[in-house]
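I have placed the structure first, in the form of structure tokens, so that the comments after it can refer back to it.
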Amino acid sequence: MKRILLFVLTNVMVVAVLGVVASLLGVNRFLTANGLNLTALLGFALIMGFGGAIISLLISKPMAKWTAGLRMIDNPQTPDEAWIVGTVRKFADKAGIGMPEVAIFEGEPNAFATGAFKNSSLVAVSTGLLQGMTREEVEAVIGHEVAHIANGDMVTMTLIQGVMNTFVVFLSRVIGYAVDSFLRRGDDRNSGPGIGYYVSTIVLDIVLGFAAAIVVAWFSRQREFRADAGAAELMGRKQPMMNALARLGGMPAGELPKAVEAMGITGAMGKLFATHPPIEERIAALQNSQRG
């Protein structure tokens with residue numbers, strides 16, 4: 001999946017909105033009026049950082065429904081739909097989680113899982129995946145997505161994103177205060193933050209936000225290896241997942257809407273910002289695993 005996804009962009013947007021609100025309410029001025037209060041700033045950064053991440057998590061499933069063109073399978077109308085729902089239910093029961101909602105969307109081969117809670121999640125597969133893979137391979141992909149849910153990956157990624165957001169907010173304001181103090185040295189006429197502070201924090205929020213995205217992407221890649229292994233465990237053998245990955249490696253990866261990219265089965269190999277490891281590395285990891 002592409003790392004520049006709406007889950008990250010939503011965090012940036014929410015943090016930016018919270019920053020604007022904080023400025024309008026005078027919080028920034030309070031923090032810097034008479035010298036930087038690091039304790040108050042850390043509390044502010046924690047609220048800003050985790051606020052954005054938690055809001056992103058809570059709206060992840062509704063956003064997927066709004067943006068991915070999903071056709072929800074509430075009552076299966078065809079044998080294929082019944083098989084998909086039955087497969088999801090089988091793996092959910094085996095993984096010890098509540099039955100996810102199930103959906104199909106039009107597009108090239110891909111799939112994703114999302115949702116804030118293990119027992120209130122969503123699994124969706126594309127028509128391209130269903131048409132281009134054997135049932136055993138599709139079953140492995142579904143197992144991969146159910147493993148994401150069972151592993152609590154959305155919550156884990158939210159916590160990591162929240163920590164990184166906190167560092168971004170904290171460091172950008174500390175550095176912004178230092179820049180502003182340097183630019184206004186010798187000026188005793190005004191108190192509170194000046195233009196140097198505001199410009200610096202805006203620029204640093206963006207720059208440090210991208211740096212944080214690199215760290216989040218690294219954790220996301222490790223999560224993919226675990227989900228592959230989880231699919232192998234759910235199926236009782238690793239070969240179907242290896243076959244599915246090999247087939248995906250020869251297929252055009254479907255581009256998901258930004259809201260759900262991080263939880264898809266495939267993704268852009270964008271190096272530092274890639275949320276998924278290269279297919280060959282994932283197959284090698286399964287080959288070297290102890291599962292059958």
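Letters A, B, ... go to the chains of the structure tokens in the order shown; residues in each chain start at 1; ligands are counted from 1 in the same order.
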Sort by chain and increasing residue number a table of all residues of segment 126-167 of chain A within 12 Å of segment 56-78 of chain A, each with its closest pair of atoms and their distance in Å to one decimal, counting only C-alpha atoms, and write it as a Markdown table.
| residue | atom | partner | partner_atom | distance |
| --- | --- | --- | --- | --- |
| A:Ser126 | CA | A:Leu70 | CA | 9.2 |
| A:Thr127 | CA | A:Arg71 | CA | 10.8 |
| A:Gly152 | CA | A:Leu57 | CA | 11.7 |
| A:Asp153 | CA | A:Leu57 | CA | 10.9 |
| A:Met154 | CA | A:Leu57 | CA | 7.1 |
| A:Val155 | CA | A:Leu57 | CA | 7.4 |
| A:Thr156 | CA | A:Leu57 | CA | 10.3 |
| A:Met157 | CA | A:Leu57 | CA | 9.1 |
| A:Thr158 | CA | A:Leu57 | CA | 6.6 |
| A:Leu159 | CA | A:Leu57 | CA | 9.8 |
| A:Ile160 | CA | A:Leu57 | CA | 11.9 |
| A:Gln161 | CA | A:Ser56 | CA | 10.0 |
| A:Gly162 | CA | A:Ser56 | CA | 10.3 |
Separation of atom CA of Pro100 of chain A from atom CA of Phe117 of chain A in Å: 9.9 Å
Can you tell me, as a PyMOL selection string, which residues in segment 147-221 of chain A count as helix (DSSP H, G or I) by DSSP? chain A and resi 147-150+153-183+195-221
Nearest to Ala211 of chain A by atom-to-atom distance, counting only C-alpha atoms, from A:Ala92, A:Asn165, A:Phe44, A:Val123: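 When distances to Ala211 of chain A are compared using only C-alpha atoms, the smallest one comes from A:Asn165.
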Residue neighbourhood Met133 of chain A, 9 Å, only C-alpha atoms, exclusion window fewer than 3 positions, as a short mmCIF file (atom, residue, chain, number, x, y, z; two decimals) with N, CA and C atoms, in the first residue's frame:
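What follows is the written file around-v4.cif:
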data_model
loop_
_atom_site.label_atom_id
_atom_site.label_comp_id
_atom_site.auth_asym_id
_atom_site.auth_seq_id
_atom_site.Cartn_x
_atom_site.Cartn_y
_atom_site.Cartn_z
N PRO A 109 -6.91 -6.24 -8.31
CA PRO A 109 -6.73 -7.09 -7.13
C PRO A 109 -6.28 -6.34 -5.88
N GLY A 128 -11.49 -7.68 -8.76
CA GLY A 128 -10.30 -8.14 -9.46
C GLY A 128 -9.61 -9.28 -8.72
N LEU A 129 -9.63 -9.22 -7.40
CA LEU A 129 -9.05 -10.29 -6.60
C LEU A 129 -9.84 -11.57 -6.78
N LEU A 130 -11.15 -11.47 -6.73
CA LEU A 130 -12.01 -12.65 -6.85
C LEU A 130 -11.91 -13.28 -8.23
N GLU A 136 -8.52 -20.83 -3.10
CA GLU A 136 -7.57 -21.04 -2.02
C GLU A 136 -6.72 -19.79 -1.79
N GLU A 137 -6.35 -19.12 -2.89
CA GLU A 137 -5.56 -17.89 -2.77
C GLU A 137 -6.38 -16.76 -2.18
N VAL A 138 -7.63 -16.63 -2.61
CA VAL A 138 -8.51 -15.62 -2.04
C VAL A 138 -8.71 -15.89 -0.55
N ALA A 244 -0.65 -16.85 -3.07
CA ALA A 244 -1.40 -15.60 -3.25
C ALA A 244 -0.46 -14.42 -3.45
N ARG A 247 1.12 -14.59 -6.90
CA ARG A 247 0.18 -14.15 -7.94
C ARG A 247 0.01 -12.64 -7.89
N LEU A 248 -0.09 -12.07 -6.69
CA LEU A 248 -0.21 -10.63 -6.57
C LEU A 248 1.01 -9.92 -7.15
#
If you measure from atom CA of Asn288 of chain A to atom CA of Arg89 of chain A, what distance in Å do you get, rounded to one decimal?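 Separation between atom CA of Asn288 of chain A and atom CA of Arg89 of chain A: 28.9 Å.
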So that I can check the surroundings of Lys94 of chain A, please list as a ChimeraX atom specification every protein, DNA and RNA residue that reaches within 12 Å of it, counting only C-alpha atoms and ignoring chain neighbours fewer than 5 positions away. /A:87-89,99,143,146-147,150,230-231,233-236
Selection file, C-alpha atoms, as a compact mmCIF listing (two decimals), in the first residue's frame:
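Output below, filename result05.txt:
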# COMPACT_ATOMS: atom_id res chain seq x y z
CA THR A 87 -14.75 -17.76 4.89
CA VAL A 88 -14.60 -14.54 6.89
CA ARG A 89 -16.78 -16.10 9.60
CA MET A 99 -17.74 -11.39 12.87
CA GLY A 143 -7.00 -14.82 6.29
CA VAL A 146 -8.57 -11.23 9.49
CA ALA A 147 -5.08 -11.60 11.00
CA ALA A 150 -6.92 -10.21 15.35
CA GLY A 230 -1.24 -15.12 10.76
CA ALA A 231 -2.92 -16.15 7.51
CA GLU A 233 -1.68 -20.11 10.90
CA LEU A 234 -5.39 -19.64 10.23
CA MET A 235 -5.19 -21.87 7.15
CA GLY A 236 -2.95 -24.41 8.83
Interatomic distance (Å, one decimal) between atom CA of Ser120 of chain A and atom CA of Ile55 of chain A: 16.1 Å
Name all residues at most 8 Å from Ala227 of chain A (count only C-alpha atoms; drop same-chain ones fewer than 6 positions away) and give them as a short mmCIF file (atom, residue, chain, number, x, y, z; two decimals) with all heavy atoms, in the first residue's frame.
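around15.cif, freshly written:
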data_model
loop_
_atom_site.label_atom_id
_atom_site.label_comp_id
_atom_site.auth_asym_id
_atom_site.auth_seq_id
_atom_site.Cartn_x
_atom_site.Cartn_y
_atom_site.Cartn_z
N HIS A 144 -5.29 -13.19 5.75
CA HIS A 144 -4.35 -12.11 6.02
C HIS A 144 -5.07 -10.91 6.63
O HIS A 144 -4.60 -10.32 7.62
CB HIS A 144 -3.66 -11.71 4.71
CG HIS A 144 -2.79 -10.51 4.79
ND1 HIS A 144 -1.42 -10.58 4.94
CD2 HIS A 144 -3.07 -9.18 4.73
CE1 HIS A 144 -0.90 -9.36 4.97
NE2 HIS A 144 -1.91 -8.50 4.84
N GLU A 145 -6.20 -10.55 6.07
CA GLU A 145 -6.94 -9.39 6.57
C GLU A 145 -7.53 -9.66 7.95
O GLU A 145 -7.53 -8.78 8.82
CB GLU A 145 -8.03 -8.98 5.59
CG GLU A 145 -7.53 -8.61 4.20
CD GLU A 145 -6.46 -7.52 4.21
OE1 GLU A 145 -6.41 -6.73 5.19
OE2 GLU A 145 -5.67 -7.47 3.26
N ALA A 147 -6.24 -11.64 10.10
CA ALA A 147 -5.08 -11.60 11.00
C ALA A 147 -4.76 -10.17 11.41
O ALA A 147 -4.37 -9.92 12.55
CB ALA A 147 -3.88 -12.27 10.34
N HIS A 148 -4.88 -9.23 10.47
CA HIS A 148 -4.68 -7.82 10.82
C HIS A 148 -5.61 -7.42 11.96
O HIS A 148 -5.20 -6.75 12.92
CB HIS A 148 -4.98 -6.93 9.61
CG HIS A 148 -3.81 -6.68 8.72
ND1 HIS A 148 -2.58 -6.30 9.18
CD2 HIS A 148 -3.69 -6.74 7.36
CE1 HIS A 148 -1.75 -6.13 8.16
NE2 HIS A 148 -2.40 -6.41 7.05
N ASN A 151 -4.71 -9.22 15.25
CA ASN A 151 -3.46 -8.68 15.81
C ASN A 151 -3.64 -7.27 16.39
O ASN A 151 -2.71 -6.74 17.00
CB ASN A 151 -2.37 -8.63 14.74
CG ASN A 151 -1.91 -10.01 14.32
OD1 ASN A 151 -2.11 -10.99 15.03
ND2 ASN A 151 -1.29 -10.10 13.15
#
Segment 167-181 of chain A environment, 7 Å, only C-alpha atoms, sequence neighbours closer than 5 positions dropped, as a PyMOL selection string: chain A and resi 41-42+45+49+194+196-197+200-201+204-205+208-209
Dump as an mmCIF file, in the first residue's frame, selection limited to C-alpha atoms:
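As a result, out.cif now contains:
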data_model
loop_
_atom_site.group_PDB
_atom_site.id
_atom_site.type_symbol
_atom_site.label_atom_id
_atom_site.label_comp_id
_atom_site.auth_asym_id
_atom_site.auth_seq_id
_atom_site.Cartn_x
_atom_site.Cartn_y
_atom_site.Cartn_z
ATOM 1 C CA LEU A 41 3.486 22.011 26.178
ATOM 2 C CA LEU A 42 3.929 18.255 26.618
ATOM 3 C CA ALA A 45 1.271 17.840 22.472
ATOM 4 C CA GLY A 49 -0.992 14.016 18.889
ATOM 5 C CA GLY A 194 5.520 36.342 16.972
ATOM 6 C CA GLY A 196 8.627 33.566 13.508
ATOM 7 C CA TYR A 197 6.958 31.151 15.903
ATOM 8 C CA SER A 200 8.309 27.880 12.066
ATOM 9 C CA THR A 201 5.724 25.642 13.703
ATOM 10 C CA LEU A 204 8.066 22.048 11.105
ATOM 11 C CA ASP A 205 4.679 20.357 11.538
ATOM 12 C CA LEU A 208 8.573 16.527 10.946
ATOM 13 C CA GLY A 209 5.247 14.988 9.977
#
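With only C-alpha atoms as the atoms that count, the minimum distance from Ile142 of chain A to the choices A:Ala103, A:Ala284, A:Ala82, A:Ala111 is reached by A:Ala111.
Of the residues in segment 43-118 of chain A, those given strand (DSSP E) by DSSP on the backbone are Arg71, Met72, Glu101, Val102, Ala103, Ile104, Phe105, Ala111, Phe112, Ala113, Thr114, Gly115, Ala116 and Phe117 of chain A.
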